[in-house]
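Next comes entry_36.pdb, a file with PDB, C-alpha atoms.
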```
MODEL        1
ATOM      1  CA  MET A 323      60.803  59.260 115.494
ATOM      2  CA  THR A 324      64.271  60.761 115.181
ATOM      3  CA  SER A 325      65.042  62.740 112.052
ATOM      4  CA  ARG A 326      68.499  63.628 110.800
ATOM      5  CA  VAL A 327      69.160  66.396 108.323
ATOM      6  CA  VAL A 328      72.700  66.879 107.036
ATOM      7  CA  LEU A 329      73.247  70.326 105.538
ATOM      8  CA  ILE A 330      76.179  70.396 103.106
ATOM      9  CA  SER A 331      77.692  73.752 102.167
ATOM     10  CA  PRO A 332      78.694  74.161  98.521
ATOM     11  CA  ALA A 333      82.209  73.929  97.158
ATOM     12  CA  ILE A 334      84.118  77.110  96.425
ATOM     13  CA  SER A 335      82.993  79.332  93.577
ATOM     14  CA  GLY A 336      84.187  82.679  92.338
ATOM     15  CA  ALA A 337      81.470  84.407  94.382
ATOM     16  CA  LEU A 338      82.462  82.603  97.595
ATOM     17  CA  ARG A 339      86.165  83.148  96.966
ATOM     18  CA  GLU A 340      85.631  86.900  96.497
ATOM     19  CA  ALA A 341      83.077  87.207  99.353
ATOM     20  CA  ARG A 342      80.563  88.296  96.721
ATOM     21  CA  PHE A 343      76.800  88.072  97.173
ATOM     22  CA  ASP A 344      75.838  85.079  95.049
ATOM     23  CA  ASP A 345      75.624  86.106  91.420
ATOM     24  CA  ARG A 346      74.571  82.696  90.111
ATOM     25  CA  CYS A 347      78.114  81.841  89.084
ATOM     26  CA  PRO A 348      79.196  78.194  88.793
ATOM     27  CA  LEU A 349      81.823  76.407  90.822
ATOM     28  CA  ASP A 350      85.363  77.149  89.783
ATOM     29  CA  ALA A 351      87.675  74.316  88.665
ATOM     30  CA  SER A 352      89.176  73.936  92.141
ATOM     31  CA  GLY A 353      85.744  73.764  93.782
ATOM     32  CA  LEU A 354      84.483  71.192  91.314
ATOM     33  CA  ARG A 355      87.583  69.032  91.765
ATOM     34  CA  ARG A 356      87.341  69.205  95.569
ATOM     35  CA  ALA A 357      83.622  68.384  95.540
ATOM     36  CA  ARG A 358      84.219  65.285  93.414
ATOM     37  CA  ALA A 359      87.026  64.202  95.729
ATOM     38  CA  SER A 360      84.747  64.706  98.755
ATOM     39  CA  ALA A 361      82.022  62.336  97.584
ATOM     40  CA  GLU A 362      83.501  59.492  99.641
ATOM     41  CA  GLY A 363      83.177  61.549 102.836
ATOM     42  CA  LEU A 364      79.455  62.094 102.362
ATOM     43  CA  PRO A 365      77.310  60.338 104.964
ATOM     44  CA  PRO A 366      74.733  58.001 103.408
ATOM     45  CA  GLY A 367      71.142  59.243 103.330
ATOM     46  CA  ASP A 368      67.579  58.251 102.515
ATOM     47  CA  ARG A 369      66.846  61.318 100.365
ATOM     48  CA  ALA A 370      68.667  64.335  98.963
ATOM     49  CA  TRP A 371      67.571  67.925  98.439
ATOM     50  CA  VAL A 372      69.370  70.913  96.953
ATOM     51  CA  SER A 373      69.046  74.683  96.919
ATOM     52  CA  PRO A 374      68.220  76.139  93.487
ATOM     53  CA  SER A 375      71.552  78.017  93.247
ATOM     54  CA  VAL A 376      74.016  77.002  90.556
ATOM     55  CA  ARG A 377      76.831  76.389  93.054
ATOM     56  CA  CYS A 378      74.629  74.092  95.165
ATOM     57  CA  ARG A 379      73.274  72.117  92.209
ATOM     58  CA  GLU A 380      76.795  71.648  90.793
ATOM     59  CA  THR A 381      78.098  70.592  94.227
ATOM     60  CA  ALA A 382      75.283  68.044  94.643
ATOM     61  CA  GLU A 383      75.989  66.612  91.201
ATOM     62  CA  ALA A 384      79.745  66.427  91.888
ATOM     63  CA  LEU A 385      79.002  64.621  95.160
ATOM     64  CA  GLY A 386      76.980  62.057  93.216
ATOM     65  CA  LEU A 387      73.628  63.039  94.736
ATOM     66  CA  ASP A 388      70.394  62.691  92.826
ATOM     67  CA  ALA A 389      68.916  65.670  94.657
ATOM     68  CA  ALA A 390      65.491  67.250  94.264
ATOM     69  CA  VAL A 391      65.565  71.043  93.916
ATOM     70  CA  VAL A 392      63.679  72.668  96.810
ATOM     71  CA  PRO A 393      62.656  76.289  96.084
ATOM     72  CA  ALA A 394      62.209  77.014  99.834
ATOM     73  CA  LEU A 395      65.964  76.493 100.256
ATOM     74  CA  VAL A 396      66.930  79.400  98.006
ATOM     75  CA  GLY A 397      69.551  81.609  99.657
ATOM     76  CA  LEU A 398      68.977  85.011 101.219
ATOM     77  CA  ASP A 399      67.575  87.455  98.659
ATOM     78  CA  VAL A 400      69.849  90.513  98.785
ATOM     79  CA  GLY A 401      67.986  92.377  96.080
ATOM     80  CA  ARG A 402      70.047  94.936  94.190
ATOM     81  CA  TRP A 403      73.246  93.923  96.021
ATOM     82  CA  ARG A 404      73.418  90.576  94.185
ATOM     83  CA  GLY A 405      76.776  90.131  92.467
ATOM     84  CA  ALA A 406      78.560  92.836  94.501
ATOM     85  CA  THR A 407      81.028  92.323  97.337
ATOM     86  CA  LEU A 408      80.204  93.582 100.818
ATOM     87  CA  ALA A 409      83.116  96.035 100.475
ATOM     88  CA  GLU A 410      81.646  97.435  97.247
ATOM     89  CA  VAL A 411      78.195  97.854  98.761
ATOM     90  CA  SER A 412      79.669  99.360 101.943
ATOM     91  CA  ALA A 413      81.498 101.975  99.871
ATOM     92  CA  ARG A 414      78.287 102.921  98.020
ATOM     93  CA  GLU A 415      75.735 102.552 100.829
ATOM     94  CA  PRO A 416      77.514 102.578 104.205
ATOM     95  CA  GLU A 417      74.440 103.506 106.256
ATOM     96  CA  ALA A 418      72.306 100.849 104.584
ATOM     97  CA  VAL A 419      74.905  98.140 105.225
ATOM     98  CA  SER A 420      75.286  99.177 108.872
ATOM     99  CA  GLN A 421      71.522  99.091 109.314
ATOM    100  CA  TRP A 422      71.261  95.681 107.614
ATOM    101  CA  LEU A 423      73.998  94.134 109.762
ATOM    102  CA  ALA A 424      72.561  95.556 113.010
ATOM    103  CA  ASP A 425      68.823  95.076 112.473
ATOM    104  CA  PRO A 426      67.479  91.640 111.463
ATOM    105  CA  ASP A 427      64.233  93.275 110.274
ATOM    106  CA  SER A 428      66.046  95.567 107.831
ATOM    107  CA  ALA A 429      66.149  94.955 104.073
ATOM    108  CA  PRO A 430      67.607  98.139 102.545
ATOM    109  CA  HIS A 431      68.662  96.197  99.424
ATOM    110  CA  GLY A 432      65.038  95.615  98.503
ATOM    111  CA  GLY A 433      65.276  91.866  99.105
ATOM    112  CA  GLU A 434      64.604  89.754 102.179
ATOM    113  CA  SER A 435      65.343  90.642 105.808
ATOM    114  CA  VAL A 436      67.444  88.269 107.893
ATOM    115  CA  ARG A 437      64.434  87.688 110.176
ATOM    116  CA  ASP A 438      62.169  86.759 107.251
ATOM    117  CA  PHE A 439      64.873  84.501 105.851
ATOM    118  CA  CYS A 440      65.429  82.740 109.202
ATOM    119  CA  ASP A 441      61.644  82.277 109.552
ATOM    120  CA  ARG A 442      61.481  80.765 106.050
ATOM    121  CA  ILE A 443      64.279  78.283 106.760
ATOM    122  CA  SER A 444      62.747  77.482 110.160
ATOM    123  CA  ALA A 445      59.434  76.614 108.483
ATOM    124  CA  TRP A 446      61.266  74.381 106.003
ATOM    125  CA  LEU A 447      63.131  72.676 108.851
ATOM    126  CA  ASP A 448      59.851  71.968 110.670
ATOM    127  CA  GLY A 449      58.630  70.207 107.532
ATOM    128  CA  ALA A 450      61.918  68.320 107.115
ATOM    129  CA  ALA A 451      61.502  66.955 110.641
ATOM    130  CA  GLU A 452      58.563  64.911 109.335
ATOM    131  CA  SER A 453      60.889  62.879 107.079
ATOM    132  CA  PRO A 454      62.148  59.774 108.880
ATOM    133  CA  GLY A 455      65.753  58.653 108.557
ATOM    134  CA  ARG A 456      68.581  60.765 107.173
ATOM    135  CA  SER A 457      68.109  63.569 104.681
ATOM    136  CA  THR A 458      70.964  65.339 102.926
ATOM    137  CA  ALA A 459      70.585  68.875 101.622
ATOM    138  CA  VAL A 460      73.216  70.856  99.711
ATOM    139  CA  VAL A 461      72.434  74.442 100.637
ATOM    140  CA  ASP A 462      73.936  77.913 100.514
ATOM    141  CA  PRO A 463      75.986  78.931 103.578
ATOM    142  CA  GLU A 464      73.334  81.374 104.776
ATOM    143  CA  VAL A 465      70.798  78.516 104.951
ATOM    144  CA  VAL A 466      73.138  76.706 107.356
ATOM    145  CA  ARG A 467      73.409  79.902 109.422
ATOM    146  CA  ALA A 468      69.631  80.321 109.567
ATOM    147  CA  ALA A 469      69.158  76.680 110.582
ATOM    148  CA  GLY A 470      71.782  77.134 113.299
ATOM    149  CA  VAL A 471      69.963  80.188 114.648
ATOM    150  CA  ARG A 472      66.686  78.236 114.741
ATOM    151  CA  VAL A 473      68.099  75.086 116.329
ATOM    152  CA  LEU A 474      69.988  76.987 119.014
ATOM    153  CA  GLY A 475      67.051  79.299 119.737
ATOM    154  CA  ALA A 476      69.437  82.202 119.229
ATOM    155  CA  PRO A 477      68.373  85.720 118.271
ATOM    156  CA  GLN A 478      68.515  86.513 114.547
ATOM    157  CA  SER A 479      71.426  88.860 115.240
ATOM    158  CA  ALA A 480      73.506  85.697 115.824
ATOM    159  CA  PHE A 481      73.131  84.924 112.099
ATOM    160  CA  TRP A 482      76.309  86.923 111.360
ATOM    161  CA  ARG A 483      78.300  85.037 114.027
ATOM    162  CA  ILE A 484      78.211  81.635 112.311
ATOM    163  CA  ASP A 485      80.961  80.807 109.814
ATOM    164  CA  VAL A 486      80.244  78.081 107.256
ATOM    165  CA  PRO A 487      83.317  76.823 105.361
ATOM    166  CA  PRO A 488      82.893  75.201 101.926
ATOM    167  CA  LEU A 489      82.227  71.459 101.743
ATOM    168  CA  THR A 490      81.298  71.007 105.378
ATOM    169  CA  ALA A 491      78.427  69.022 106.852
ATOM    170  CA  THR A 492      76.262  70.387 109.638
ATOM    171  CA  GLU A 493      74.136  67.631 111.127
ATOM    172  CA  LEU A 494      70.799  68.273 112.783
ATOM    173  CA  SER A 495      69.145  65.476 114.717
ATOM    174  CA  GLY A 496      66.014  65.492 116.782
ATOM    175  CA  ARG A 497      62.381  64.761 117.289
ATOM    176  CA  ALA A 498      59.210  66.662 118.150
ATOM    177  CA  GLY A 499      60.721  70.020 117.199
ATOM    178  CA  ARG A 500      63.783  69.713 119.443
ATOM    179  CA  TRP A 501      67.006  69.577 117.482
ATOM    180  CA  ASN A 502      70.648  69.037 118.322
ATOM    181  CA  ILE A 503      73.332  70.425 116.037
ATOM    182  CA  ARG A 504      76.825  69.371 115.068
ATOM    183  CA  PHE A 505      78.553  72.109 113.088
ATOM    184  CA  GLY A 506      81.081  72.017 110.279
ATOM    185  CA  GLN A 507      82.419  68.524 109.747
ATOM    186  CA  SER A 508      84.685  68.600 106.702
ATOM    187  CA  LEU A 509      83.770  66.295 103.827
ATOM    188  CA  GLU A 510      87.276  66.518 102.457
ATOM    189  CA  ARG A 511      89.607  63.697 103.344
ATOM    190  CA  ALA A 512      92.799  64.503 105.143
ATOM    191  CA  PRO A 513      95.786  63.768 102.927
ATOM    192  CA  GLY A 514      97.157  60.310 103.556
ATOM    193  CA  PRO A 515     100.800  59.343 103.905
ATOM    194  CA  PRO A 516     102.905  59.576 100.780
ATOM    195  CA  ASP A 517     102.899  56.499  98.599
ATOM    196  CA  SER A 518     105.955  54.444  99.460
ATOM    197  CA  GLY A 519     105.952  52.825  96.031
ATOM    198  CA  ALA A 520     105.943  49.357  97.606
TER     199      ALA A 520
ENDMDL
END
```
Now, as a test, write the supplied structure out as structure tokens.
Amino acid sequence: MTSRVVLISPAISGALREARFDDRCPLDASGLRRARASAEGLPPGDRAWVSPSVRCRETAEALGLDAAVVPALVGLDVGRWRGATLAEVSAREPEAVSQWLADPDSAPHGGESVRDFCDRISAWLDGAAESPGRSTAVVDPEVVRAAGVRVLGAPQSAFWRIDVPPLTATELSGRAGRWNIRFGQSLERAPGPPDSGA
């Protein structure tokens, strides 16, 4: 049995625009508009799931998905750093940030380590493989990174090397625990030719 899981990254929000650790803020007007316009580019699926974050739930709704909230898909818990930018945290706690970025087992913010997070998403992905057909999940960018690390068999340090643009689809396909990955297909339609008025 081949399973397909399409991971959709959320539309832009204030937190994403400012490179801020998610502070539960909603999509901004531009992100909401772009998500609605991207609904046509969404591949059809047999079921839909969504991360509990506000930006993911609003993106799923704007895409027209009737998605079930999956608590296991919550983004990386950054503890006391939530709501701050990386630059702000680096200015206050430079050693802690350096340690966190270099050591996947480190969690100086009091939240979740990258290794624990990748293991959590890996366990979820193993369960998702049991669902036949195509599943769509709107998830935070770090969930896409963790899934990429797992599928590629890469070390957790590779987590920081994966960029996940807003409103992109990363497709995982496989069977018996062996996945293939197709990164970052844009859901947004390319602008068409100008209307000739004919």
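Of note, atom CA of A:Val486 and atom CA of A:Ala351 are spaced 20.4 Å apart.
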Using the chain letters and residue numbers of this document, give as a PyMOL selection string the residues selected by the PyMOL selection byres ((chain A and resi 391-400) around 6).
-> chain A and resi 371-374+390+401+403-404+431+433-434+462
Return as an NGL selection string the set of residues that the PyMOL selection byres ((chain A and resi 334) around 12) yields on the displayed structure.
-> :A and (331-333 or 335-342 or 344 or 347-357 or 376-378 or 380-381 or 462-463 or 486-490)
Name the residues captured by the PyMOL selection byres ((chain A and resi 409) around 12) when it is applied to the shown file; answer as a ChimeraX atom specification.
-> /A:340-343,403,405-408,410-416,419-420
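Picture a line from atom CA of A:Asp441 to atom CA of A:Ser457; it runs 20.4 Å.
When all atoms listed in the file are used to compute distances to A:Ser444, the closest of the residues A:Trp501, A:Thr458, A:Pro430, A:Arg402 turns out to be A:Trp501.
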With only C-alpha atoms as the counted atoms, please give the residues lying no more than 9 Å from A:Phe481, apart from itself and same-chain residues fewer than 6 positions off, as a PDB file with C-alpha atoms, in the frame of the given file.
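Result written to out.pdb:
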```
ATOM      1  CA  PRO A 426      67.479  91.640 111.463  1.00  0.00           C
ATOM      2  CA  VAL A 436      67.444  88.269 107.893  1.00  0.00           C
ATOM      3  CA  CYS A 440      65.429  82.740 109.202  1.00  0.00           C
ATOM      4  CA  GLU A 464      73.334  81.374 104.776  1.00  0.00           C
ATOM      5  CA  ARG A 467      73.409  79.902 109.422  1.00  0.00           C
ATOM      6  CA  ALA A 468      69.631  80.321 109.567  1.00  0.00           C
ATOM      7  CA  GLY A 470      71.782  77.134 113.299  1.00  0.00           C
ATOM      8  CA  VAL A 471      69.963  80.188 114.648  1.00  0.00           C
TER       9      VAL A 471
END
```
Go ahead and compute the interatomic distance for atom CA of A:Ala424 and atom CA of A:Gln507, in Å to one decimal.
-> 29.0 Å
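Here the question is which of A:Ala459, A:Met323, A:Val465, A:Ala451 gets nearest to A:Pro365 using all atoms listed in the file, and that residue is A:Ala459.
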Anything within 12 Å of (75.1, 56.1, 103.5): list those residues as a ChimeraX atom specification, counting all atoms listed in the file and sticking to the file's coordinates.
-> /A:328,361-370,387,455-458
Go ahead and write the residues just picked, C-alpha atoms, as a PDB file, in the coordinates of the input.
```pdb
ATOM      1  CA  VAL A 328      72.700  66.879 107.036  1.00  0.00           C
ATOM      2  CA  ALA A 361      82.022  62.336  97.584  1.00  0.00           C
ATOM      3  CA  GLU A 362      83.501  59.492  99.641  1.00  0.00           C
ATOM      4  CA  GLY A 363      83.177  61.549 102.836  1.00  0.00           C
ATOM      5  CA  LEU A 364      79.455  62.094 102.362  1.00  0.00           C
ATOM      6  CA  PRO A 365      77.310  60.338 104.964  1.00  0.00           C
ATOM      7  CA  PRO A 366      74.733  58.001 103.408  1.00  0.00           C
ATOM      8  CA  GLY A 367      71.142  59.243 103.330  1.00  0.00           C
ATOM      9  CA  ASP A 368      67.579  58.251 102.515  1.00  0.00           C
ATOM     10  CA  ARG A 369      66.846  61.318 100.365  1.00  0.00           C
ATOM     11  CA  ALA A 370      68.667  64.335  98.963  1.00  0.00           C
ATOM     12  CA  LEU A 387      73.628  63.039  94.736  1.00  0.00           C
ATOM     13  CA  GLY A 455      65.753  58.653 108.557  1.00  0.00           C
ATOM     14  CA  ARG A 456      68.581  60.765 107.173  1.00  0.00           C
ATOM     15  CA  SER A 457      68.109  63.569 104.681  1.00  0.00           C
ATOM     16  CA  THR A 458      70.964  65.339 102.926  1.00  0.00           C
TER      17      THR A 458
END
```
Just stretch 376-448 of chain A from the block, C-alpha atoms, as a PDB file, in the first residue's frame, could you?
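Once everything was written out, this is result_29.pdb:
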```
ATOM      1  CA  VAL A 376      -3.709  29.641  14.795  1.00  0.00           C
ATOM      2  CA  ARG A 377      -1.828  30.286  11.541  1.00  0.00           C
ATOM      3  CA  CYS A 378      -2.238  26.655  10.435  1.00  0.00           C
ATOM      4  CA  ARG A 379      -5.931  26.447  11.329  1.00  0.00           C
ATOM      5  CA  GLU A 380      -6.646  29.740   9.522  1.00  0.00           C
ATOM      6  CA  THR A 381      -4.655  28.568   6.478  1.00  0.00           C
ATOM      7  CA  ALA A 382      -6.561  25.261   6.355  1.00  0.00           C
ATOM      8  CA  GLU A 383      -9.877  27.095   6.564  1.00  0.00           C
ATOM      9  CA  ALA A 384      -8.847  29.570   3.840  1.00  0.00           C
ATOM     10  CA  LEU A 385      -7.836  26.633   1.632  1.00  0.00           C
ATOM     11  CA  GLY A 386     -11.312  25.169   2.091  1.00  0.00           C
ATOM     12  CA  LEU A 387     -10.147  22.137   4.080  1.00  0.00           C
ATOM     13  CA  ASP A 388     -12.324  20.514   6.699  1.00  0.00           C
ATOM     14  CA  ALA A 389      -9.266  19.483   8.697  1.00  0.00           C
ATOM     15  CA  ALA A 390      -9.088  17.611  11.990  1.00  0.00           C
ATOM     16  CA  VAL A 391      -6.779  19.213  14.561  1.00  0.00           C
ATOM     17  CA  VAL A 392      -3.935  16.824  15.447  1.00  0.00           C
ATOM     18  CA  PRO A 393      -2.206  17.715  18.748  1.00  0.00           C
ATOM     19  CA  ALA A 394       0.902  15.666  17.782  1.00  0.00           C
ATOM     20  CA  LEU A 395       1.516  18.158  14.959  1.00  0.00           C
ATOM     21  CA  VAL A 396       2.018  21.127  17.278  1.00  0.00           C
ATOM     22  CA  GLY A 397       5.151  23.080  16.358  1.00  0.00           C
ATOM     23  CA  LEU A 398       8.459  23.040  18.202  1.00  0.00           C
ATOM     24  CA  ASP A 399       8.012  24.176  21.806  1.00  0.00           C
ATOM     25  CA  VAL A 400      10.556  26.966  22.343  1.00  0.00           C
ATOM     26  CA  GLY A 401       9.534  27.613  25.920  1.00  0.00           C
ATOM     27  CA  ARG A 402      10.255  31.114  27.182  1.00  0.00           C
ATOM     28  CA  TRP A 403      11.454  32.261  23.739  1.00  0.00           C
ATOM     29  CA  ARG A 404       7.915  32.154  22.302  1.00  0.00           C
ATOM     30  CA  GLY A 405       6.970  35.488  20.747  1.00  0.00           C
ATOM     31  CA  ALA A 406      10.564  36.772  20.483  1.00  0.00           C
ATOM     32  CA  THR A 407      12.694  37.009  17.352  1.00  0.00           C
ATOM     33  CA  LEU A 408      15.901  35.001  17.085  1.00  0.00           C
ATOM     34  CA  ALA A 409      17.814  38.311  17.053  1.00  0.00           C
ATOM     35  CA  GLU A 410      16.172  39.369  20.329  1.00  0.00           C
ATOM     36  CA  VAL A 411      16.936  36.061  22.017  1.00  0.00           C
ATOM     37  CA  SER A 412      20.497  36.073  20.642  1.00  0.00           C
ATOM     38  CA  ALA A 413      21.083  39.511  22.165  1.00  0.00           C
ATOM     39  CA  ARG A 414      19.823  38.340  25.581  1.00  0.00           C
ATOM     40  CA  GLU A 415      21.148  34.766  25.619  1.00  0.00           C
ATOM     41  CA  PRO A 416      23.908  34.380  23.012  1.00  0.00           C
ATOM     42  CA  GLU A 417      25.467  31.265  24.555  1.00  0.00           C
ATOM     43  CA  ALA A 418      22.104  29.538  24.898  1.00  0.00           C
ATOM     44  CA  VAL A 419      21.203  30.237  21.264  1.00  0.00           C
ATOM     45  CA  SER A 420      24.591  28.993  20.042  1.00  0.00           C
ATOM     46  CA  GLN A 421      24.190  25.823  22.082  1.00  0.00           C
ATOM     47  CA  TRP A 422      20.630  25.287  20.806  1.00  0.00           C
ATOM     48  CA  LEU A 423      21.618  25.720  17.154  1.00  0.00           C
ATOM     49  CA  ALA A 424      24.658  23.421  17.473  1.00  0.00           C
ATOM     50  CA  ASP A 425      23.293  20.642  19.689  1.00  0.00           C
ATOM     51  CA  PRO A 426      20.022  18.899  18.743  1.00  0.00           C
ATOM     52  CA  ASP A 427      19.693  17.601  22.325  1.00  0.00           C
ATOM     53  CA  SER A 428      19.793  21.105  23.817  1.00  0.00           C
ATOM     54  CA  ALA A 429      16.696  22.933  25.070  1.00  0.00           C
ATOM     55  CA  PRO A 430      17.991  26.003  26.939  1.00  0.00           C
ATOM     56  CA  HIS A 431      14.626  27.755  26.459  1.00  0.00           C
ATOM     57  CA  GLY A 432      12.935  25.229  28.714  1.00  0.00           C
ATOM     58  CA  GLY A 433      10.892  23.751  25.865  1.00  0.00           C
ATOM     59  CA  GLU A 434      11.567  20.864  23.505  1.00  0.00           C
ATOM     60  CA  SER A 435      14.906  19.852  21.976  1.00  0.00           C
ATOM     61  CA  VAL A 436      15.181  19.531  18.206  1.00  0.00           C
ATOM     62  CA  ARG A 437      15.906  15.801  18.627  1.00  0.00           C
ATOM     63  CA  ASP A 438      12.778  15.250  20.740  1.00  0.00           C
ATOM     64  CA  PHE A 439      10.729  17.261  18.265  1.00  0.00           C
ATOM     65  CA  CYS A 440      12.056  15.302  15.258  1.00  0.00           C
ATOM     66  CA  ASP A 441      11.331  12.029  17.109  1.00  0.00           C
ATOM     67  CA  ARG A 442       7.767  13.195  17.824  1.00  0.00           C
ATOM     68  CA  ILE A 443       7.102  14.092  14.184  1.00  0.00           C
ATOM     69  CA  SER A 444       8.743  10.841  13.051  1.00  0.00           C
ATOM     70  CA  ALA A 445       6.371   8.849  15.275  1.00  0.00           C
ATOM     71  CA  TRP A 446       3.408  10.761  13.840  1.00  0.00           C
ATOM     72  CA  LEU A 447       4.640  10.097  10.299  1.00  0.00           C
ATOM     73  CA  ASP A 448       4.897   6.356  11.014  1.00  0.00           C
TER      74      ASP A 448
END
```
